[in-house]
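Structure file model24.txt with compact mmCIF, C-alpha atoms:
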```txt
# COMPACT_ATOMS: atom_id res chain seq x y z
CA GLU P 246 56.99 94.98 81.10
CA ASN P 247 60.73 95.57 81.38
CA THR P 248 62.02 93.31 84.16
CA THR P 249 65.38 95.04 84.61
CA LEU P 250 66.68 98.30 85.99
CA THR P 251 69.49 100.36 84.47
CA PHE P 252 71.92 102.33 86.64
CA LYS P 253 69.87 105.49 86.08
CA GLN P 254 66.74 103.73 87.31
CA ILE P 255 68.65 102.40 90.32
CA ALA P 256 69.70 105.96 91.21
CA GLU P 257 66.11 107.20 90.87
CA PHE P 258 64.88 104.31 92.99
CA CYS P 259 67.37 105.19 95.72
CA ASN P 260 66.39 108.86 95.61
CA LEU P 261 62.74 107.96 96.05
CA HIS P 262 63.59 106.04 99.18
CA GLU P 263 65.91 108.80 100.42
CA LEU P 264 68.91 106.49 100.49
CA GLU P 265 72.34 108.06 100.69
CA ILE P 266 74.88 106.52 98.34
CA LYS P 267 78.15 108.21 99.15
CA GLY P 268 80.67 107.99 96.34
CA ILE P 269 78.05 106.74 93.90
CA ALA P 270 75.26 109.32 93.81
CA ASP P 271 77.56 112.32 93.93
CA GLY P 272 81.27 111.59 93.77
CA ASP P 273 84.22 110.47 91.69
CA VAL P 274 82.65 107.06 91.21
CA ALA P 275 79.58 108.61 89.66
CA LYS P 276 81.74 110.56 87.23
CA SER P 277 83.66 107.40 86.36
CA ILE P 278 80.46 105.44 85.80
CA LYS P 279 79.23 107.99 83.29
CA ALA P 280 82.53 107.70 81.42
CA TYR P 281 82.48 103.90 81.25
CA ASN P 282 81.30 101.91 78.25
CA PRO P 283 77.82 100.31 78.05
CA ILE P 284 78.99 97.30 80.06
CA LEU P 285 78.54 99.46 83.15
CA ALA P 286 75.00 100.17 82.16
CA GLY P 287 74.48 96.60 83.35
CA GLN P 288 71.15 95.56 84.72
CA LEU P 289 69.82 94.56 88.08
CA SER P 290 66.66 92.50 88.35
CA ARG P 291 63.67 94.02 90.11
CA ASP P 292 63.42 90.92 92.28
CA GLU P 293 66.91 91.56 93.67
CA ILE P 294 65.84 95.02 94.77
CA GLU P 295 62.39 94.10 96.00
CA VAL P 296 63.78 91.32 98.21
CA CYS P 297 65.52 94.04 100.22
CA SER P 298 62.63 96.51 100.22
CA LYS P 299 62.14 96.20 103.97
CA ASP P 300 65.81 96.82 104.77
CA PRO P 301 67.21 100.08 103.30
CA GLN P 302 70.73 99.39 104.56
CA LYS P 303 70.78 95.95 102.97
CA LYS P 304 69.43 97.46 99.79
CA LEU P 305 72.12 100.12 99.83
CA SER P 306 74.81 97.48 100.31
CA LEU P 307 73.39 95.42 97.44
CA LEU P 308 73.49 98.38 95.07
CA LYS P 309 77.01 99.39 96.07
CA ASN P 310 78.35 95.87 95.66
CA TYR P 311 76.64 95.53 92.31
CA ILE P 312 78.16 98.74 90.99
CA ARG P 313 81.60 97.78 92.31
CA SER P 314 81.37 94.39 90.60
CA LEU P 315 80.53 96.06 87.31
CA ILE P 316 83.51 98.37 87.70
CA MET P 317 85.86 95.45 88.38
CA VAL P 318 84.58 93.54 85.35
CA ASP P 319 85.04 96.62 83.21
CA TYR P 320 88.60 97.09 84.48
CA PHE P 321 89.33 93.47 83.57
CA LEU P 322 87.96 93.89 80.04
CA GLN P 323 89.80 97.18 79.58
CA GLY P 324 93.08 95.42 80.37
CA GLY P 325 92.95 93.55 77.09
CA SER P 326 93.80 90.00 76.11
CA PHE P 327 96.69 89.66 78.57
CA MET P 328 94.26 89.79 81.49
CA TRP P 329 93.06 86.28 80.60
CA PRO P 330 96.41 84.47 81.05
CA ILE P 331 96.88 86.43 84.28
CA LEU P 332 93.49 85.17 85.46
CA VAL P 333 94.46 81.62 84.45
CA SER P 334 97.70 81.94 86.43
CA LEU P 335 95.73 83.04 89.49
CA ILE P 336 93.38 80.04 89.23
CA PHE P 337 96.36 77.74 88.62
CA GLY P 338 98.18 79.13 91.66
CA LEU P 339 95.15 78.94 93.93
CA GLY P 340 94.68 75.31 92.93
CA PHE P 341 98.13 74.46 94.28
CA VAL P 342 97.51 76.69 97.30
CA PHE P 343 94.51 74.56 98.28
CA GLU P 344 96.47 71.34 97.62
CA ARG P 345 99.41 72.45 99.78
CA ALA P 346 97.14 73.77 102.53
CA TYR P 347 95.27 70.47 102.74
CA SER P 348 98.46 68.39 102.64
CA LEU P 349 100.26 70.43 105.31
CA MET P 350 97.17 70.41 107.49
CA LEU P 351 97.17 66.60 107.45
CA SER P 352 100.90 66.56 108.23
CA GLY P 353 100.42 68.28 111.57
CA ILE P 354 100.08 65.93 114.55
CA ASP P 355 100.84 66.01 118.27
CA SER P 356 104.38 64.62 117.95
CA SER P 357 105.01 64.71 121.70
CA LYS P 358 101.99 62.53 122.36
CA LEU P 359 103.10 60.12 119.63
CA PHE P 360 106.62 59.99 121.07
CA ASP P 361 105.30 59.21 124.55
CA ALA P 362 103.07 56.40 123.22
CA VAL P 363 105.86 54.86 121.15
CA THR P 364 108.55 55.05 123.84
CA GLN P 365 106.18 53.53 126.39
CA LYS P 366 105.71 50.48 124.18
CA ILE P 367 109.46 50.25 123.52
CA SER P 368 110.17 50.41 127.24
CA ASP P 369 107.67 47.59 127.73
CA GLY P 370 109.55 45.54 125.15
CA ASP P 371 106.63 45.65 122.70
CA THR P 372 108.37 47.05 119.63
CA LYS P 373 105.82 45.53 117.24
CA THR P 374 102.98 47.52 118.83
CA ALA P 375 105.12 50.68 118.68
CA ILE P 376 105.66 50.07 114.94
CA GLN P 377 101.92 49.52 114.48
CA ILE P 378 101.14 52.80 116.26
CA CYS P 379 103.48 54.64 113.90
CA ASN P 380 102.00 52.92 110.86
CA GLU P 381 98.47 53.95 111.80
CA GLU P 382 99.41 57.59 112.51
CA LYS P 383 99.70 60.21 109.77
CA GLY P 384 102.41 62.80 109.39
CA PRO P 385 106.18 62.98 108.75
CA VAL P 386 107.16 62.27 112.37
CA ALA P 387 105.19 59.02 112.40
CA SER P 388 106.80 58.04 109.08
CA ILE P 389 110.37 58.48 110.32
CA PHE P 390 109.52 56.66 113.57
CA TYR P 391 108.12 53.78 111.53
CA ALA P 392 111.19 53.66 109.28
CA GLY P 393 113.57 53.69 112.23
CA LEU P 394 111.76 51.18 114.42
CA SER P 395 111.40 48.78 111.48
CA LYS P 396 115.20 48.49 111.48
CA ALA P 397 115.57 48.36 115.29
CA HIS P 398 116.52 44.66 115.24
CA ARG P 399 119.54 45.48 113.05
CA GLY P 400 121.13 47.93 115.47
CA LEU P 401 121.27 51.68 116.03
CA ASP P 402 123.41 52.38 112.96
CA ASP P 403 120.73 51.00 110.66
CA VAL P 404 118.06 52.86 112.63
CA GLU P 405 119.86 56.18 112.12
CA LYS P 406 120.30 55.55 108.39
CA ALA P 407 116.65 54.59 108.02
CA ILE P 408 115.53 57.73 109.85
CA GLN P 409 117.79 59.93 107.71
CA ASN P 410 116.50 58.39 104.48
CA ALA P 411 112.86 58.67 105.61
CA GLY P 412 113.45 62.28 106.68
CA ALA P 413 114.76 63.19 103.23
CA ILE P 414 111.71 61.62 101.60
CA GLU P 415 109.33 63.42 103.95
CA MET P 416 111.03 66.78 103.31
CA ALA P 417 110.62 66.26 99.57
CA PHE P 418 106.94 65.47 100.13
CA LEU P 419 106.45 68.61 102.25
CA GLU P 420 108.02 70.78 99.54
CA LYS P 421 106.07 69.11 96.74
CA ASN P 422 104.47 71.54 94.24
CA MET P 423 106.04 74.59 95.90
CA ILE P 424 107.91 75.16 92.64
CA TRP P 425 104.58 75.82 90.89
CA LEU P 426 103.78 78.57 93.36
CA ASN P 427 107.18 80.10 92.57
CA ALA P 428 106.34 79.84 88.87
CA VAL P 429 103.09 81.79 89.30
CA ILE P 430 104.83 84.42 91.43
CA THR P 431 107.40 84.92 88.65
CA ILE P 432 105.23 84.57 85.56
CA ALA P 433 102.18 86.65 86.60
CA PRO P 434 104.09 89.98 86.85
CA MET P 435 105.94 89.16 83.62
CA LEU P 436 102.61 88.67 81.86
CA GLY P 437 101.47 91.97 83.34
CA PHE P 438 104.57 93.83 82.14
CA THR P 439 104.26 92.28 78.69
CA GLY P 440 100.62 93.33 78.52
CA THR P 441 101.62 96.86 79.51
CA VAL P 442 104.29 97.03 76.78
CA VAL P 443 101.81 95.77 74.18
CA GLY P 444 99.22 98.24 75.48
CA MET P 445 101.69 101.13 75.30
CA ILE P 446 102.49 100.22 71.72
CA GLY P 447 98.77 100.30 70.94
CA ALA P 448 98.38 103.61 72.78
CA PHE P 449 101.15 105.27 70.78
CA ASP P 450 99.71 103.85 67.58
CA ALA P 451 96.37 105.42 68.52
CA ILE P 452 98.09 108.76 69.19
CA LYS P 453 99.81 108.52 65.84
CA ALA P 454 96.56 107.69 64.06
CA ALA P 455 94.70 110.52 65.80
CA ASN P 456 97.59 112.91 65.19
CA ASP P 457 96.88 114.26 68.65
CA ILE P 458 98.94 114.16 71.86
CA SER P 459 96.31 115.64 74.11
CA PRO P 460 96.38 114.53 77.77
CA ALA P 461 93.08 112.69 77.34
CA VAL P 462 94.39 110.48 74.53
CA VAL P 463 97.72 109.79 76.25
CA ALA P 464 96.30 109.16 79.73
CA GLY P 465 93.55 106.87 78.46
CA GLY P 466 95.98 104.62 76.61
CA ILE P 467 98.52 104.50 79.44
CA SER P 468 95.83 103.81 82.05
CA GLN P 469 94.55 100.87 80.06
CA ALA P 470 98.07 99.52 79.50
CA LEU P 471 98.95 99.66 83.20
CA LEU P 472 95.96 97.56 84.22
CA THR P 473 97.76 94.35 83.26
CA THR P 474 100.78 95.27 85.39
CA ALA P 475 98.55 95.96 88.36
CA ALA P 476 96.71 92.66 87.86
CA GLY P 477 99.94 90.67 87.53
CA LEU P 478 101.40 92.21 90.69
CA VAL P 479 98.21 91.55 92.67
CA VAL P 480 98.25 87.88 91.62
CA ALA P 481 101.93 87.57 92.57
CA MET P 482 101.31 89.15 95.99
CA ILE P 483 98.40 86.83 96.74
CA ILE P 484 100.36 83.67 95.88
CA GLN P 485 103.52 85.00 97.59
CA THR P 486 101.60 85.47 100.82
CA PHE P 487 100.42 81.86 100.80
CA GLN P 488 103.88 80.62 99.87
CA ASN P 489 105.44 82.39 102.85
CA ILE P 490 102.86 80.80 105.15
CA PHE P 491 103.61 77.36 103.71
CA VAL P 492 107.39 77.81 103.99
CA SER P 493 106.99 78.78 107.63
CA ARG P 494 104.82 75.71 108.23
CA ILE P 495 107.29 73.41 106.45
CA ASP P 496 110.21 74.78 108.48
CA LYS P 497 108.29 74.06 111.67
CA LEU P 498 107.52 70.49 110.59
CA VAL P 499 111.13 69.83 109.57
CA LEU P 500 112.39 71.14 112.91
CA ASP P 501 109.91 68.90 114.70
CA MET P 502 111.07 65.89 112.66
CA GLU P 503 114.70 66.53 113.55
CA GLU P 504 113.92 67.00 117.23
CA GLN P 505 111.79 63.86 117.48
CA SER P 506 114.28 61.74 115.50
CA ILE P 507 117.05 62.67 117.95
CA LYS P 508 114.81 61.84 120.89
CA ILE P 509 113.79 58.42 119.54
CA ILE P 510 117.42 57.48 118.79
CA ASP P 511 118.46 58.56 122.29
CA HIS P 512 115.66 56.47 123.77
CA LEU P 513 116.69 53.42 121.75
CA GLN P 514 120.27 53.96 122.88
CA GLU P 515 119.14 54.03 126.51
CA GLN P 516 117.20 50.80 126.03
CA ASP P 517 120.19 49.18 124.37
CA ASP P 518 122.47 50.20 127.26
CA LYS P 519 120.14 48.55 129.77
CA LYS P 520 120.50 45.17 128.10
```

Would you mind giving the structure from this file in structure tokens?
Amino acid sequence: ENTTLTFKQIAEFCNLHELEIKGIADGDVAKSIKAYNPILAGQLSRDEIEVCSKDPQKKLSLLKNYIRSLIMVDYFLQGGSFMWPILVSLIFGLGFVFERAYSLMLSGIDSSKLFDAVTQKISDGDTKTAIQICNEEKGPVASIFYAGLSKAHRGLDDVEKAIQNAGAIEMAFLEKNMIWLNAVITIAPMLGFTGTVVGMIGAFDAIKAANDISPAVVAGGISQALLTTAAGLVVAMIIQTFQNIFVSRIDKLVLDMEEQSIKIIDHLQEQDDKK
């Protein structure tokens, strides 16, 4: 017994259960499906349908999502060979997105609470404990506090230099790998445009070979060629969105570092004046 259902059988199954599939049973999508290649005649296991037999709405959603997934896969394959490097660039970019998101998440701490704890120990004359607190805490603010307090016995000038040097290092760490996000944002659309140019060349070659400039021949070739441009732009927009979020987060962390470094130097100056 055949264990799969074709799209036609899916439609018949839905009609038997009086399910309304707007845009699939009788709409533009249905017309598009009929025009697609055999890939869209993909198959859905009977088990996947039977598992939803008691919930028509769930079943309807399953069928719609399945058809949409087939359409997206077909679009990808229609785009030609340039769709693969665009997909690789998306995966590459998302890898650095996850890395930056995790790193920046760890960099965020309650700097005001840290400042209060450190200054309390300094006021008590326990600089070693203050240094230990900074060493045990994560984040750029804790790092510049640690660098500055480690040079406290040498005077405020050395403390300021240490904080400036540590701040520069922390900024470089915060901006680490951002260049790769910029690379994906730039390269993905370029790959898309290149794929479109190559596709247009192929389309005109097909027109030449067919000796026909009918709208169907022209539109089909151009539509296929433009898929790579659309894919490249979508990838660039996705990565650009994350990059803007990260830049905003980095700016906030840098501002916090500058504010807290000024406060700790002022506090050390006050303690020095009391001596």

So that I can see what lies close to Ser352 in chain P, please list as JSON, numbers by chain the residues with an atom at most 8 Å from it, counting only C-alpha atoms and leaving out residues fewer than 2 positions away in the same chain. {"P": [348, 349, 350, 354, 383, 384, 385]}

Looking at P:Trp329, P:Met445, P:Met502, P:Leu426, which one is nearest to Ser388 in chain P, with distances taken over only C-alpha atoms? P:Met502

Shortest interatomic distance to Gly393 in chain P - which of P:Ala481, P:Met435, P:Ser506, P:Asp355, counting all atoms listed in the file: P:Ser506

Between P:Gly353, P:Gln505, P:Ser326, P:Ile389, which has the minimum distance to Lys406 in chain P (counting all atoms listed in the file)? P:Ile389

Let me make sure I understand: among P:Ser357, P:Gln488, P:Asn456, P:Ser395, which one has the smallest atom-to-atom distance to Thr374 in chain P if we use only C-alpha atoms?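 Counting only C-alpha atoms, the residue closest to Thr374 in chain P is P:Ser395.
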
Write out as a list of chain:residue names which residues come within 9 Å of Thr441 in chain P when counting all atoms listed in the file, dropping same-chain ones fewer than 4 positions away.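 My reading of the contact set: P:Gly324, P:Phe327, P:Leu436, P:Gly437, P:Met445, P:Ile446, P:Ile467, P:Gln469, P:Ala470, P:Leu471, P:Leu472, P:Thr473, P:Thr474.
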
Residue nearest Ile414 in chain P - candidates P:Val499, P:Leu394, P:Val363, P:Ala375, atoms counted: all atoms listed in the file: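 Ranking P:Val499, P:Leu394, P:Val363, P:Ala375 by distance to Ile414 in chain P, first place goes to P:Val499.
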
Of the listed residues P:Ile376, P:Ile509, P:Leu339, P:Leu419, that which approaches Ile484 in chain P most closely, counting all atoms listed in the file: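 Closest residue, counting all atoms listed in the file: P:Leu339.
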
d(CA of Ala476 in chain P, CA of Met328 in chain P) in Å: 7.4 Å

Mind giving me the straight-line distance from CA of Ile367 in chain P to CA of Asp402 in chain P in Å, one decimal?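 Computed distance, CA of Ile367 in chain P to CA of Asp402 in chain P, equals 17.6 Å.
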
From CA of Met416 in chain P to CA of Ile510 in chain P the spacing works out at 19.2 Å

So which residues touch range 515-519 of chain P within 12 Å, counting only C-alpha atoms, skipping near sequence neighbours fewer than 5 positions away, as a list in words?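 Everything that qualifies: Thr364, Gln365, Lys366, Ile367, Ser368, Asp369, Gly370, Thr372, Ala397, His398, Arg399, Gly400, Leu401, Lys508, Ile509 and Ile510 of chain P.
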